[in-house]
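Visitor: One file: input-v2.txt (compact mmCIF, C-alpha atoms).
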```
# COMPACT_ATOMS: atom_id res chain seq x y z
CA MET A 1 -56.07 -196.18 29.05
CA PRO A 2 -57.82 -193.45 31.07
CA PRO A 3 -59.51 -190.69 29.09
CA ALA A 4 -57.41 -187.65 28.28
CA LYS A 5 -57.84 -184.71 30.62
CA ALA A 6 -59.55 -181.68 29.19
CA SER A 7 -56.69 -179.53 30.49
CA THR A 8 -54.46 -180.75 27.66
CA PRO A 9 -54.96 -179.80 23.98
CA ARG A 10 -55.55 -183.41 22.94
CA GLY A 11 -57.86 -183.94 25.89
CA ALA A 12 -59.77 -180.80 25.01
CA ALA A 13 -60.20 -182.06 21.46
CA ARG A 14 -61.60 -185.39 22.66
CA ALA A 15 -63.77 -183.80 25.31
CA THR A 16 -65.43 -181.48 22.80
CA THR A 17 -66.11 -184.06 20.09
CA ALA A 18 -69.38 -185.15 21.68
CA ALA A 19 -70.37 -181.56 22.36
CA VAL A 20 -69.68 -180.69 18.72
CA SER A 21 -72.12 -183.35 17.57
CA GLY A 22 -74.81 -181.86 19.78
CA LEU A 23 -74.02 -178.35 18.63
CA LEU A 24 -74.33 -179.25 14.97
CA ALA A 25 -77.52 -181.17 15.56
CA VAL A 26 -79.34 -178.04 16.70
CA SER A 27 -77.39 -175.29 14.92
CA ALA A 28 -78.07 -174.09 11.38
CA VAL A 29 -76.22 -171.57 9.26
CA LEU A 30 -78.81 -169.17 7.85
CA GLY A 31 -78.08 -167.19 4.68
CA LEU A 32 -78.67 -163.46 4.43
CA ALA A 33 -80.42 -162.05 1.40
CA ALA A 34 -77.97 -160.68 -1.17
CA CYS A 35 -74.91 -161.86 0.73
CA GLY A 36 -75.68 -165.32 2.10
CA LEU A 37 -76.75 -168.46 0.31
CA SER A 38 -80.42 -168.78 1.12
CA GLY A 39 -82.08 -170.97 -1.47
CA ASP A 40 -78.95 -172.99 -2.26
CA SER A 41 -78.74 -176.67 -1.51
CA ALA A 42 -76.81 -177.60 1.61
CA ALA A 43 -73.97 -179.05 -0.44
CA GLY A 44 -73.88 -176.09 -2.77
CA GLY A 45 -74.04 -173.64 0.09
CA LEU A 46 -71.00 -175.10 1.79
CA ALA A 47 -69.12 -175.31 -1.48
CA ARG A 48 -69.51 -171.60 -2.16
CA ALA A 49 -69.27 -168.46 -0.05
CA ALA A 50 -71.17 -168.26 3.22
CA THR A 51 -70.70 -164.55 3.79
CA GLY A 52 -72.52 -162.71 6.50
CA GLN A 53 -73.70 -165.69 8.53
CA ALA A 54 -73.64 -166.47 12.20
CA VAL A 55 -73.48 -169.58 14.36
CA SER A 56 -74.28 -169.41 18.04
CA ALA A 57 -72.38 -170.93 20.92
CA GLY A 58 -73.68 -173.27 23.58
CA GLY A 59 -75.92 -175.36 21.33
CA ASN A 60 -78.48 -172.60 20.80
CA PRO A 61 -80.12 -172.03 17.40
CA ALA A 62 -77.94 -170.04 15.02
CA VAL A 63 -78.24 -166.28 15.10
CA THR A 64 -78.38 -164.22 11.95
CA ALA A 65 -78.90 -160.61 11.02
CA THR A 66 -82.39 -159.34 11.77
CA SER A 67 -82.08 -156.35 9.45
CA ARG A 68 -79.64 -153.96 7.83
CA ILE A 69 -78.64 -150.47 8.82
CA LEU A 70 -76.74 -147.73 7.01
CA ASN A 71 -73.46 -146.81 8.64
CA PRO A 72 -73.25 -143.01 8.23
CA GLY A 73 -69.49 -143.12 8.78
CA ASN A 74 -68.75 -145.11 5.64
CA GLY A 75 -72.05 -145.08 3.74
CA ARG A 76 -72.32 -148.88 3.69
CA LEU A 77 -75.07 -151.19 4.79
CA GLU A 78 -74.25 -153.33 7.83
CA ALA A 79 -75.97 -156.29 9.42
CA VAL A 80 -77.86 -155.88 12.67
CA VAL A 81 -76.83 -158.98 14.64
CA PRO A 82 -78.50 -159.89 17.94
CA ASP A 83 -76.15 -159.99 20.94
CA ILE A 84 -73.33 -158.36 19.00
CA SER A 85 -71.44 -157.87 22.27
CA ARG A 86 -71.28 -161.69 22.59
CA THR A 87 -70.39 -162.24 18.94
CA VAL A 88 -67.02 -162.75 17.27
CA LEU A 89 -66.52 -161.51 13.70
CA LEU A 90 -64.63 -164.33 11.97
CA ILE A 91 -62.89 -163.49 8.68
CA GLY A 92 -61.61 -166.54 6.86
CA ASP A 93 -61.36 -168.94 3.98
CA SER A 94 -62.56 -172.50 3.35
CA GLN A 95 -61.19 -173.67 6.71
CA SER A 96 -63.76 -171.40 8.39
CA GLU A 97 -66.51 -171.59 5.78
CA PRO A 98 -68.34 -174.86 6.67
CA ALA A 99 -70.94 -174.82 9.43
CA ASP A 100 -68.59 -177.11 11.36
CA GLY A 101 -65.37 -175.44 10.30
CA TRP A 102 -62.80 -175.84 13.05
CA PRO A 103 -62.29 -172.07 13.63
CA ARG A 104 -66.05 -171.71 14.12
CA LEU A 105 -66.19 -174.67 16.48
CA GLY A 106 -63.27 -173.45 18.55
CA LEU A 107 -64.70 -169.95 18.91
CA ALA A 108 -68.16 -171.27 19.75
CA ALA A 109 -66.67 -173.55 22.41
CA ALA A 110 -64.84 -170.50 23.81
CA GLY A 111 -68.19 -168.87 24.45
CA TYR A 112 -68.92 -166.76 21.38
CA ASN A 113 -71.62 -166.48 18.80
CA VAL A 114 -69.81 -166.57 15.45
CA TYR A 115 -70.54 -164.23 12.54
CA PHE A 116 -68.57 -165.27 9.46
CA CYS A 117 -67.40 -163.08 6.59
CA GLY A 118 -65.31 -164.77 3.93
CA ARG A 119 -65.16 -167.25 1.10
CA GLY A 120 -63.21 -170.32 0.13
CA GLY A 121 -60.33 -169.51 -2.18
CA THR A 122 -59.68 -166.08 -0.69
CA GLY A 123 -56.96 -164.79 1.60
CA TYR A 124 -54.85 -161.74 2.34
CA VAL A 125 -53.88 -161.58 -1.35
CA ALA A 126 -55.91 -164.34 -3.03
CA ALA A 127 -59.34 -163.50 -4.48
CA ASN A 128 -62.12 -165.75 -5.75
CA GLY A 129 -64.36 -164.52 -8.52
CA ALA A 130 -66.50 -161.56 -7.46
CA THR A 131 -65.22 -161.82 -3.88
CA GLY A 132 -61.97 -159.98 -3.38
CA ASN A 133 -59.14 -160.73 -1.02
CA TYR A 134 -59.74 -159.83 2.62
CA ILE A 135 -58.93 -156.13 2.44
CA ASP A 136 -60.58 -155.59 -0.95
CA ALA A 137 -63.71 -157.47 0.13
CA LEU A 138 -63.97 -155.32 3.26
CA GLN A 139 -63.40 -152.00 1.52
CA ARG A 140 -65.61 -152.75 -1.52
CA GLY A 141 -68.50 -154.11 0.52
CA ASP A 142 -68.26 -157.70 -0.75
CA TRP A 143 -69.09 -158.74 2.82
CA LEU A 144 -72.01 -157.57 4.94
CA LEU A 145 -70.14 -156.61 8.09
CA PRO A 146 -71.94 -156.51 11.44
CA SER A 147 -73.01 -153.21 12.96
CA GLY A 148 -71.95 -152.25 16.45
CA THR A 149 -69.04 -153.54 18.51
CA PRO A 150 -68.27 -157.28 18.30
CA ALA A 151 -66.71 -158.99 21.30
CA LEU A 152 -63.70 -160.06 19.22
CA ILE A 153 -62.43 -160.08 15.63
CA VAL A 154 -60.52 -163.14 14.41
CA ILE A 155 -58.74 -163.32 11.06
CA GLU A 156 -57.92 -166.83 9.81
CA GLY A 157 -56.22 -167.84 6.60
CA GLY A 158 -53.15 -167.69 4.41
CA GLY A 159 -53.45 -171.09 2.76
CA ASN A 160 -54.72 -169.74 -0.55
CA ASP A 161 -52.00 -167.10 -0.57
CA ALA A 162 -49.45 -169.90 -0.18
CA ALA A 163 -51.05 -171.92 -2.97
CA LYS A 164 -51.20 -168.99 -5.39
CA GLY A 165 -47.62 -167.86 -4.86
CA ALA A 166 -48.22 -164.59 -3.05
CA SER A 167 -44.97 -163.03 -1.88
CA ASP A 168 -44.08 -162.17 1.71
CA ALA A 169 -44.32 -158.49 0.85
CA GLN A 170 -47.79 -158.85 -0.68
CA ILE A 171 -49.14 -160.84 2.26
CA THR A 172 -47.58 -158.55 4.86
CA GLY A 173 -48.74 -155.39 3.11
CA ASN A 174 -52.35 -156.52 2.76
CA ALA A 175 -52.43 -157.89 6.30
CA GLN A 176 -51.26 -154.52 7.62
CA ARG A 177 -53.93 -152.74 5.60
CA LEU A 178 -56.61 -155.13 6.84
CA ILE A 179 -55.64 -154.68 10.48
CA ALA A 180 -55.62 -150.90 10.10
CA GLU A 181 -59.04 -150.91 8.42
CA LEU A 182 -60.56 -153.17 11.08
CA ARG A 183 -59.17 -150.97 13.85
CA THR A 184 -60.76 -147.97 12.18
CA ARG A 185 -64.08 -149.73 11.62
CA TYR A 186 -64.21 -151.35 15.09
CA PRO A 187 -62.05 -149.20 17.39
CA GLY A 188 -63.30 -150.86 20.58
CA THR A 189 -62.77 -154.48 19.51
CA ARG A 190 -59.74 -156.68 20.11
CA ILE A 191 -58.28 -158.44 17.05
CA ALA A 192 -56.58 -161.83 16.96
CA ILE A 193 -55.05 -163.83 14.10
CA ILE A 194 -55.13 -167.56 13.41
CA GLY A 195 -52.37 -168.69 11.05
CA THR A 196 -52.20 -171.21 8.24
CA LEU A 197 -52.99 -174.86 8.96
CA ALA A 198 -50.11 -177.12 7.91
CA ARG A 199 -47.94 -180.12 8.81
CA GLY A 200 -44.94 -178.16 10.03
CA ALA A 201 -41.73 -176.89 8.50
CA ASN A 202 -39.90 -180.18 9.11
CA ASP A 203 -42.72 -182.42 7.94
CA GLY A 204 -43.61 -181.07 4.51
CA GLY A 205 -45.47 -177.94 5.59
CA GLY A 206 -43.66 -175.97 2.91
CA ARG A 207 -44.98 -172.56 1.98
CA ARG A 208 -48.04 -172.97 4.23
CA SER A 209 -45.84 -173.20 7.32
CA GLU A 210 -43.81 -170.23 6.07
CA VAL A 211 -46.96 -168.12 5.71
CA ASP A 212 -48.05 -169.14 9.20
CA ALA A 213 -44.74 -167.87 10.60
CA LEU A 214 -44.99 -164.70 8.51
CA LEU A 215 -48.45 -163.94 9.89
CA GLY A 216 -47.11 -164.53 13.38
CA ALA A 217 -44.54 -161.80 12.77
CA VAL A 218 -47.27 -159.45 11.49
CA ALA A 219 -49.37 -160.13 14.58
CA ALA A 220 -46.42 -159.53 16.90
CA GLY A 221 -45.58 -156.28 15.14
CA ASN A 222 -49.12 -155.06 15.73
CA GLY A 223 -49.40 -156.32 19.29
CA LEU A 224 -52.08 -158.87 18.38
CA PRO A 225 -52.61 -162.34 19.88
CA PHE A 226 -51.62 -165.05 17.41
CA VAL A 227 -52.55 -168.72 17.20
CA SER A 228 -49.89 -170.54 15.18
CA VAL A 229 -51.38 -173.59 13.46
CA GLY A 230 -48.54 -174.14 10.99
CA ASP A 231 -47.59 -177.50 12.53
CA TRP A 232 -50.83 -178.67 14.11
CA LEU A 233 -51.42 -181.54 11.67
CA THR A 234 -48.15 -183.10 12.77
CA ARG A 235 -48.08 -181.97 16.39
CA TYR A 236 -51.49 -183.47 17.14
CA GLY A 237 -51.34 -186.42 14.76
CA LEU A 238 -54.24 -185.18 12.64
CA ALA A 239 -52.86 -185.69 9.14
CA LYS A 240 -54.83 -188.95 9.14
CA ASP A 241 -58.03 -186.85 9.29
CA LEU A 242 -57.35 -184.85 6.14
CA ALA A 243 -60.18 -185.06 3.60
CA ASP A 244 -57.83 -183.79 0.89
CA ALA A 245 -54.43 -182.13 0.81
CA VAL A 246 -55.41 -179.22 3.09
CA HIS A 247 -58.96 -179.66 4.44
CA MET A 248 -60.11 -181.80 7.37
CA ASN A 249 -62.83 -184.42 7.54
CA THR A 250 -65.58 -184.17 10.15
CA GLU A 251 -63.50 -185.82 12.87
CA GLY A 252 -60.52 -183.62 12.10
CA ARG A 253 -62.57 -180.43 12.24
CA ALA A 254 -63.99 -181.45 15.62
CA ALA A 255 -60.52 -182.26 16.97
CA LEU A 256 -59.02 -178.99 15.75
CA GLY A 257 -61.98 -177.08 17.18
CA GLY A 258 -61.25 -178.50 20.62
CA ILE A 259 -57.55 -177.70 20.37
CA LEU A 260 -58.32 -174.15 19.22
CA ASP A 261 -60.70 -173.67 22.15
CA HIS A 262 -57.92 -174.71 24.53
CA ARG A 263 -55.43 -172.33 22.91
CA LEU A 264 -57.89 -169.41 22.98
CA ARG A 265 -58.38 -169.94 26.69
CA GLN A 266 -54.62 -170.04 27.23
CA LEU A 267 -54.39 -166.65 25.52
CA GLY A 268 -57.28 -165.24 27.54
CA LEU A 269 -59.39 -164.88 24.41
CA ASP A 270 -62.39 -166.88 25.63
CA ARG A 271 -65.51 -164.87 26.31
CA LYS A 272 -65.71 -163.96 29.98
CA THR A 273 -69.02 -163.99 31.83
CA ALA A 274 -70.05 -161.07 34.03
CA VAL A 275 -69.04 -163.04 37.12
CA GLU A 276 -65.59 -163.81 35.67
CA GLN A 277 -65.08 -160.20 34.67
```
Go ahead and render the structure in this file as structure tokens.
Guide:
Amino acid sequence: MPPAKASTPRGAARATTAAVSGLLAVSAVLGLAACGLSGDSAAGGLARAATGQAVSAGGNPAVTATSRILNPGNGRLEAVVPDISRTVLLIGDSQSEPADGWPRLGLAAAGYNVYFCGRGGTGYVAANGATGNYIDALQRGDWLLPSGTPALIVIEGGGNDAAKGASDAQITGNAQRLIAELRTRYPGTRIAIIGTLARGANDGGGRRSEVDALLGAVAAGNGLPFVSVGDWLTRYGLAKDLADAVHMNTEGRAALGGILDHRLRQLGLDRKTAVEQ
């Protein structure tokens, strides 16, 4: 059988698998003092929050904040991130948290450096210990947000809200508040939403698929690009690559990263070079 073409989602996933291996071989996720996980073991670091960290695109060493600066507009410290104009601010949960999380891989493949703010177990409504849900974490300063104007903001999640029984009204309300706050904080930056990874409504996706659809409606109501992933496990035959009920193994993360890259390019969300612009 001839190899899949990179112009198809499945072909993109296969084509990027080798590139992912190279990216991870030279990329490291560096913790930030007081908000990252410097000093933790690798296993422990990935198991807990990895807030305020960045991974670079193109196989270059990971970028991280060089210092902190006080934002006079809100009185909070923010991270000074090199090449912020080439960096995406990724807000997410345990799908995005690992160094090779599929949202990170897809965004890196689409041309961005990736600065992550989030924690496993959190969501639009769900909190995890001292780290609040997305809007609370942002407003309270649980995350060290980047200073300046990122190239793109991407919000991923919803799975923990589904698991903890958050209502449609709770999820929608907090999502609206988060979008409004991000627009205030970063008025010149485009925002996109990635939904909730699941098997699909007709294949046991359950509440996760419902939350994915709900977030799609929120995105549409706010005029934001939306990547629906509520049936990707079934659509792309990736349920076999689940490490547990909801998280992917290494091969699954690489495959989803390639598919996400393809979808971002379809939506025009890949980072354009000066020549392309």
Visitor: Using all atoms listed in the file, which of A:Cys117, A:Val154, A:Leu107, A:Leu77 sits nearest Leu224 of chain A?
Guide: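 Distance minimum relative to Leu224 of chain A lands on A:Val154.
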Visitor: Name the closest residue to Gly129 of chain A among the candidates A:Arg271, A:Gly206, A:Arg265, A:Asp142; distances are taken between atoms, counting all atoms listed in the file.
Guide: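 Looking only at the distances to Gly129 of chain A, the closest residue turns out to be A:Asp142.
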Visitor: Using all atoms listed in the file for the distances, tell me which of A:Ile179, A:Ala254, A:Ala217, A:Ile259 is nearest to Ala99 of chain A.
Guide: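 Of the candidates, the smallest distance to Ala99 of chain A is held by A:Ala254.
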Visitor: Quick one: distance from atom CA of Ala65 of chain A to atom CA of Arg104 of chain A in Å, one decimal?
Guide: 17.3 Å
Visitor: Nearest residue to Gly106 of chain A out of A:Ala239, A:Ala162, A:Val229, A:Leu264, using only C-alpha atoms?
Guide: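 With only C-alpha atoms as the atom set, the closest residue is A:Leu264.
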Visitor: Pick from A:Gly195, A:Gly148, A:Gly204, A:Gly157: nearest to Thr122 of chain A, with only C-alpha atoms counted?
Guide: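 The shortest atom-to-atom distance to Thr122 of chain A comes from A:Gly157.
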Visitor: I need the residue nearest Ile135 of chain A from this list: A:Ala245, A:Leu105, A:Ile171, A:Val80. Use all atoms listed in the file for the distance.
Guide: A:Ile171
Visitor: Between atom CA of Gly188 of chain A and atom CA of Gly223 of chain A, what is the distance in Å, rounded to a tenth?
Guide: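 Between atom CA of Gly188 of chain A and atom CA of Gly223 of chain A the gap is 15.0 Å.
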Visitor: Atom CA of Ala213 of chain A and atom CA of His247 of chain A are how many Å apart?
Guide: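 The value is 19.5 Å.
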Visitor: Find the spatial neighbours of Thr149 of chain A, counting only C-alpha atoms, within a cut-off of 8 Å - ignore same-chain residues fewer than 5 positions away - and output them as a list of chain:residue names.
Guide: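 Here the answer would be A:Ile84, A:Ser85, A:Tyr186, A:Gly188, A:Thr189.
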Visitor: Show which residues sit within 10 Å of Ala137 of chain A, as a VMD selection string. Count only C-alpha atoms, and ignore same-chain residues fewer than 3 positions away.
Guide: chain A and resid 117 to 119 122 127 130 to 134 140 to 144
Visitor: Determine, counting all atoms listed in the file, which protein, DNA and RNA residues have an atom within 6 Å of an atom of Ile153 of chain A; residues of the same chain fewer than 3 positions away are not included. Present the result as JSON, numbers by chain.
Guide: {"A": [88, 89, 191]}
Visitor: Got a sec: who's within 12 Å of Gly237 of chain A, counting all atoms listed in the file, leaving out chain neighbours fewer than 3 positions off, as a list of chain:residue names?
Guide: A:Pro9, A:Arg10, A:Ala13, A:Ala198, A:Arg199, A:Gly200, A:Asp203, A:Asp231, A:Trp232, A:Leu233, A:Thr234, A:Lys240, A:Asp241, A:Leu242, A:Gly252, A:Ala255, A:Leu256
